[in-house]
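Shown next, in structure tokens, is the structure this report addresses.
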Amino acid sequence: LHECILCDEADAGERCKWGYDQTAAQRCTSDLSFTNVGCYTCYSTSDTSALFHRGCVGENRQAQCQPGTVQVCLGAACNQRNEQLQICAKCEEGCENDRWTVEECRGIVPYEQRGCYIMLDSRKRIVARGCAADLNQDTWNLCSNVKDSSCITCLGNECNHAAIGLTRMSLLWTLVTALLLTFIVQNVSR
């Protein structure tokens, strides 16, 4: 018997598209033939969108997959990799001077540790940026504590790239949105 990650986006929501630890794998049913060994990922289409699936090769729900989207692999929990990518600004020195790069987060990024972070010193200067999934457990706990302002996390791609910090960045987007709406309303009413 082999083990695979089993999930459907329709049931698990966006969590299904993020990476999984191998310990989350479940045993595939024993009634599958020896030729149907392996795990898969795929998309099926519903009336409104494409839904992501992970499972054991040969199971009934695999028949719902769009043929061009099926990826098959061999090995325990081999279908654990991220479908959803996380992209963050990264730097460890000179972060204040726009000396940072934007990169895809490497490895398995689980749903619980998705997102990006900014580390701040006591003067609120940015000293590090990166992927939340790269943090060790102690630093992750620090960043997860909303009462601690020395580390700020955010969930969107590239959400940690603003030079002035995340709180001001959201204010800036609010201002930009308000200006755009004002512009649209003025042009529509003419």
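As shown in the structure tokens, the chain order sets the letters A, B, ...; within each chain, residues go from 1, and ligands are also counted from 1 in the order they appear.
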
DSSP helix (DSSP H, G or I) residues within chain A, as a ChimeraX atom specification | /A:9-17,22-24,34-36,60-64,67-69,95-97,111-113,132-134,137-144,166-188

Show which residues sit within 9 Å of segment 121-134 of chain A, as a compact mmCIF listing (two decimals) with N, CA and C atoms, in the first residue's frame. Count only C-alpha atoms, and ignore same-chain residues fewer than 2 positions away.
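Written output follows (part_11.txt):
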# COMPACT_ATOMS: atom_id res chain seq x y z
N GLN A 86 4.28 31.19 -3.41
CA GLN A 86 4.42 32.36 -2.54
C GLN A 86 5.64 33.13 -3.02
N ILE A 87 5.49 34.41 -3.26
CA ILE A 87 6.59 35.26 -3.73
C ILE A 87 6.76 36.40 -2.73
N CYS A 88 7.99 36.57 -2.24
CA CYS A 88 8.26 37.58 -1.21
C CYS A 88 9.52 38.37 -1.55
N ALA A 89 9.58 39.58 -1.03
CA ALA A 89 10.83 40.35 -1.05
C ALA A 89 11.75 39.73 -0.01
N LYS A 90 13.06 39.63 -0.34
CA LYS A 90 14.02 39.02 0.58
C LYS A 90 15.25 39.90 0.72
N CYS A 91 15.72 40.04 1.95
CA CYS A 91 16.99 40.71 2.23
C CYS A 91 17.35 40.47 3.69
N GLU A 92 18.63 40.56 3.98
CA GLU A 92 19.09 40.45 5.36
C GLU A 92 19.97 41.62 5.77
N GLU A 93 20.41 42.41 4.80
CA GLU A 93 21.21 43.60 5.08
C GLU A 93 20.81 44.70 4.11
N GLY A 94 20.86 45.93 4.53
CA GLY A 94 20.55 47.04 3.64
C GLY A 94 19.11 47.09 3.19
N CYS A 95 18.22 46.54 3.97
CA CYS A 95 16.81 46.48 3.59
C CYS A 95 16.17 47.85 3.46
N GLU A 96 16.67 48.80 4.20
CA GLU A 96 16.12 50.16 4.15
C GLU A 96 16.43 50.86 2.83
N TRP A 100 16.93 44.74 -1.93
CA TRP A 100 16.28 43.47 -1.72
C TRP A 100 15.87 42.89 -3.06
N VAL A 102 13.12 40.06 -5.14
CA VAL A 102 11.82 39.40 -5.06
C VAL A 102 12.02 37.99 -5.60
N GLU A 103 11.68 36.99 -4.79
CA GLU A 103 11.90 35.60 -5.15
C GLU A 103 10.72 34.74 -4.74
N GLU A 104 10.59 33.61 -5.45
CA GLU A 104 9.63 32.59 -5.06
C GLU A 104 10.15 31.90 -3.80
N CYS A 105 9.28 31.64 -2.86
CA CYS A 105 9.68 30.91 -1.65
C CYS A 105 9.99 29.47 -2.04
N ARG A 106 11.08 28.95 -1.56
CA ARG A 106 11.54 27.62 -1.95
C ARG A 106 10.99 26.55 -1.02
N GLY A 107 10.97 25.34 -1.52
CA GLY A 107 10.55 24.21 -0.70
C GLY A 107 9.05 24.15 -0.53
N ILE A 108 8.65 23.36 0.44
CA ILE A 108 7.23 23.20 0.75
C ILE A 108 6.78 24.38 1.62
N VAL A 109 5.76 25.08 1.16
CA VAL A 109 5.19 26.18 1.93
C VAL A 109 3.79 25.73 2.37
N PRO A 110 3.64 25.33 3.64
CA PRO A 110 2.32 24.90 4.11
C PRO A 110 1.37 26.07 4.29
N GLU A 112 -0.40 26.92 6.74
CA GLU A 112 -0.25 27.57 8.03
C GLU A 112 0.93 28.54 8.07
N GLN A 113 1.93 28.35 7.21
CA GLN A 113 3.10 29.22 7.21
C GLN A 113 3.26 29.97 5.90
N ARG A 114 2.15 30.20 5.21
CA ARG A 114 2.21 30.98 3.98
C ARG A 114 2.43 32.44 4.35
N GLY A 115 2.86 33.22 3.40
CA GLY A 115 3.01 34.64 3.62
C GLY A 115 4.45 35.09 3.68
N CYS A 116 4.62 36.38 3.88
CA CYS A 116 5.93 37.02 3.93
C CYS A 116 6.07 37.73 5.27
N TYR A 117 7.29 38.15 5.58
CA TYR A 117 7.50 38.87 6.83
C TYR A 117 8.46 40.04 6.64
N ILE A 118 8.39 40.97 7.59
CA ILE A 118 9.36 42.07 7.74
C ILE A 118 9.78 42.07 9.20
N MET A 119 11.09 42.04 9.45
CA MET A 119 11.63 42.16 10.81
C MET A 119 12.08 43.60 11.01
N ASN A 136 12.57 29.88 11.52
CA ASN A 136 12.61 28.78 12.48
C ASN A 136 11.41 28.92 13.42
N TRP A 140 9.07 32.16 14.03
CA TRP A 140 7.69 32.04 13.55
C TRP A 140 6.71 32.40 14.68
N CYS A 143 6.72 36.13 15.09
CA CYS A 143 6.01 36.80 14.00
C CYS A 143 4.51 36.54 14.03
N SER A 149 5.51 43.93 17.73
CA SER A 149 5.67 44.73 16.51
C SER A 149 7.05 44.63 15.89
N SER A 150 7.91 43.73 16.40
CA SER A 150 9.24 43.59 15.82
C SER A 150 9.22 42.70 14.57
N CYS A 151 8.11 42.04 14.33
CA CYS A 151 7.96 41.22 13.12
C CYS A 151 6.53 41.34 12.64
N THR A 153 3.81 40.11 9.58
CA THR A 153 3.56 39.17 8.48
C THR A 153 2.41 39.66 7.62
N CYS A 154 2.39 39.17 6.39
CA CYS A 154 1.32 39.50 5.45
C CYS A 154 1.13 38.30 4.53
N ASN A 160 5.49 42.22 1.28
CA ASN A 160 6.48 42.78 2.21
C ASN A 160 7.52 43.65 1.51
N HIS A 161 7.21 44.16 0.33
CA HIS A 161 8.22 44.92 -0.41
C HIS A 161 8.18 46.42 -0.17
N ALA A 163 8.84 49.95 1.15
CA ALA A 163 9.97 50.51 1.91
C ALA A 163 9.52 51.16 3.20
N ILE A 164 8.25 51.52 3.30
CA ILE A 164 7.78 52.24 4.47
C ILE A 164 7.00 51.36 5.44
N GLY A 165 6.97 50.08 5.19
CA GLY A 165 6.30 49.18 6.12
C GLY A 165 4.89 48.83 5.70

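Atom pair atom CA of Tyr111 of chain A / atom CA of Asn60 of chain A has a distance of 26.3 Å (rounded to one decimal).
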
For Lys17 of chain A, work out the shell of residues within 12 Å, counting only C-alpha atoms and skipping chain neighbours fewer than 3 positions away, then give it as a compact mmCIF listing (two decimals) with N, CA and C atoms, in the first residue's frame.
# COMPACT_ATOMS: atom_id res chain seq x y z
N ILE A 5 -1.19 12.51 -0.53
CA ILE A 5 -1.95 13.62 0.03
C ILE A 5 -3.31 13.61 -0.67
N LEU A 6 -4.38 13.65 0.10
CA LEU A 6 -5.74 13.63 -0.45
C LEU A 6 -6.44 14.94 -0.09
N CYS A 7 -6.86 15.67 -1.09
CA CYS A 7 -7.66 16.88 -0.82
C CYS A 7 -8.34 17.34 -2.09
N ASP A 8 -9.44 18.02 -1.88
CA ASP A 8 -10.19 18.66 -2.96
C ASP A 8 -10.38 20.12 -2.59
N GLU A 9 -10.08 21.00 -3.52
CA GLU A 9 -10.24 22.43 -3.26
C GLU A 9 -11.69 22.77 -2.92
N ALA A 10 -12.64 22.04 -3.49
CA ALA A 10 -14.06 22.31 -3.21
C ALA A 10 -14.37 22.10 -1.72
N ASP A 11 -13.68 21.16 -1.08
CA ASP A 11 -13.90 20.89 0.35
C ASP A 11 -12.93 21.64 1.25
N ALA A 12 -11.64 21.64 0.89
CA ALA A 12 -10.59 22.21 1.75
C ALA A 12 -10.33 23.68 1.48
N GLY A 13 -10.89 24.23 0.42
CA GLY A 13 -10.62 25.62 0.07
C GLY A 13 -9.19 25.78 -0.44
N GLU A 14 -8.66 27.00 -0.31
CA GLU A 14 -7.33 27.28 -0.86
C GLU A 14 -6.23 26.47 -0.17
N TYR A 20 2.14 20.37 1.66
CA TYR A 20 1.79 19.51 2.78
C TYR A 20 3.03 18.80 3.31
N THR A 41 -1.96 15.03 -9.00
CA THR A 41 -2.59 16.33 -8.81
C THR A 41 -3.26 16.68 -10.12
N CYS A 42 -4.33 17.46 -10.06
CA CYS A 42 -5.02 17.86 -11.29
C CYS A 42 -6.01 18.97 -11.00
N TYR A 43 -6.60 19.46 -12.07
CA TYR A 43 -7.70 20.42 -11.99
C TYR A 43 -8.93 19.81 -12.64
N ALA A 50 -11.99 26.51 -12.01
CA ALA A 50 -11.20 25.28 -12.01
C ALA A 50 -10.85 24.95 -10.56
N LEU A 51 -11.02 23.70 -10.17
CA LEU A 51 -10.76 23.27 -8.80
C LEU A 51 -9.58 22.31 -8.77
N PHE A 52 -8.72 22.45 -7.77
CA PHE A 52 -7.51 21.64 -7.64
C PHE A 52 -7.78 20.41 -6.79
N HIS A 53 -7.16 19.28 -7.17
CA HIS A 53 -7.33 18.01 -6.45
C HIS A 53 -5.97 17.34 -6.25
N ARG A 54 -5.85 16.58 -5.17
CA ARG A 54 -4.71 15.70 -4.92
C ARG A 54 -5.29 14.35 -4.53
N ASN A 79 2.89 13.91 -3.99
CA ASN A 79 2.04 15.00 -4.47
C ASN A 79 1.86 16.09 -3.42
N GLN A 80 2.85 16.28 -2.58
CA GLN A 80 2.79 17.24 -1.47
C GLN A 80 3.19 18.65 -1.86
N ARG A 81 3.79 18.84 -3.01
CA ARG A 81 4.36 20.14 -3.37
C ARG A 81 3.29 21.21 -3.56
N ASN A 82 3.75 22.45 -3.47
CA ASN A 82 2.85 23.59 -3.62
C ASN A 82 2.34 23.71 -5.05
N GLU A 83 1.07 23.96 -5.18
CA GLU A 83 0.50 24.41 -6.44
C GLU A 83 0.43 25.93 -6.41
N GLN A 84 0.12 26.46 -5.25
CA GLN A 84 0.08 27.90 -5.02
C GLN A 84 1.49 28.37 -4.69
N LEU A 85 1.99 29.33 -5.42
CA LEU A 85 3.33 29.85 -5.17
C LEU A 85 3.26 31.06 -4.24
N GLN A 86 4.28 31.19 -3.41
CA GLN A 86 4.42 32.36 -2.54
C GLN A 86 5.64 33.13 -3.02
N ILE A 108 8.65 23.36 0.44
CA ILE A 108 7.23 23.20 0.75
C ILE A 108 6.78 24.38 1.62
N VAL A 109 5.76 25.08 1.16
CA VAL A 109 5.19 26.18 1.93
C VAL A 109 3.79 25.73 2.37
N PRO A 110 3.64 25.33 3.64
CA PRO A 110 2.32 24.90 4.11
C PRO A 110 1.37 26.07 4.29
N TYR A 111 0.11 25.79 4.22
CA TYR A 111 -0.94 26.80 4.38
C TYR A 111 -0.74 27.61 5.66
N ARG A 114 2.15 30.20 5.21
CA ARG A 114 2.21 30.98 3.98
C ARG A 114 2.43 32.44 4.35

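Taking only segment 10-111 of chain A, the residues that DSSP calls strand (DSSP E) from the backbone come to Gln26, Arg27, Cys39, Tyr40, Thr41, Cys42, Tyr43, Ser44, Thr45, Ala50, Leu51, Phe52, His53, Arg54, Gly55, Cys56, Gln71, Val72, Cys73, Ile87, Cys88, Ala89, Lys90, Thr101, Val102, Glu103 and Glu104 of chain A.
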
Dump of C-alpha atoms for the selected residues, as a tab-separated table (two decimals), in the first residue's frame:
chain	number	residue	atom	x	y	z
A	26	GLN	CA	-3.18	9.02	3.86
A	27	ARG	CA	-3.21	5.40	2.79
A	39	CYS	CA	-0.23	9.92	-6.55
A	40	TYR	CA	-1.67	12.67	-8.71
A	41	THR	CA	-2.59	16.33	-8.81
A	42	CYS	CA	-5.02	17.86	-11.29
A	43	TYR	CA	-7.70	20.42	-11.99
A	44	SER	CA	-11.35	19.76	-12.70
A	45	THR	CA	-13.74	22.39	-13.94
A	50	ALA	CA	-11.20	25.28	-12.01
A	51	LEU	CA	-10.76	23.27	-8.80
A	52	PHE	CA	-7.51	21.64	-7.64
A	53	HIS	CA	-7.33	18.01	-6.45
A	54	ARG	CA	-4.71	15.70	-4.92
A	55	GLY	CA	-5.17	11.97	-4.60
A	56	CYS	CA	-4.25	8.35	-5.32
A	71	GLN	CA	0.45	15.19	-12.96
A	72	VAL	CA	1.37	11.70	-11.69
A	73	CYS	CA	4.27	10.85	-9.38
A	87	ILE	CA	6.59	35.26	-3.73
A	88	CYS	CA	8.26	37.58	-1.21
A	89	ALA	CA	10.83	40.35	-1.05
A	90	LYS	CA	14.02	39.02	0.58
A	101	THR	CA	15.20	40.93	-4.29
A	102	VAL	CA	11.82	39.40	-5.06
A	103	GLU	CA	11.90	35.60	-5.15
A	104	GLU	CA	9.63	32.59	-5.06

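Here atom CA of Thr23 of chain A is placed at a distance of 16.3 Å from atom CA of Leu74 of chain A.
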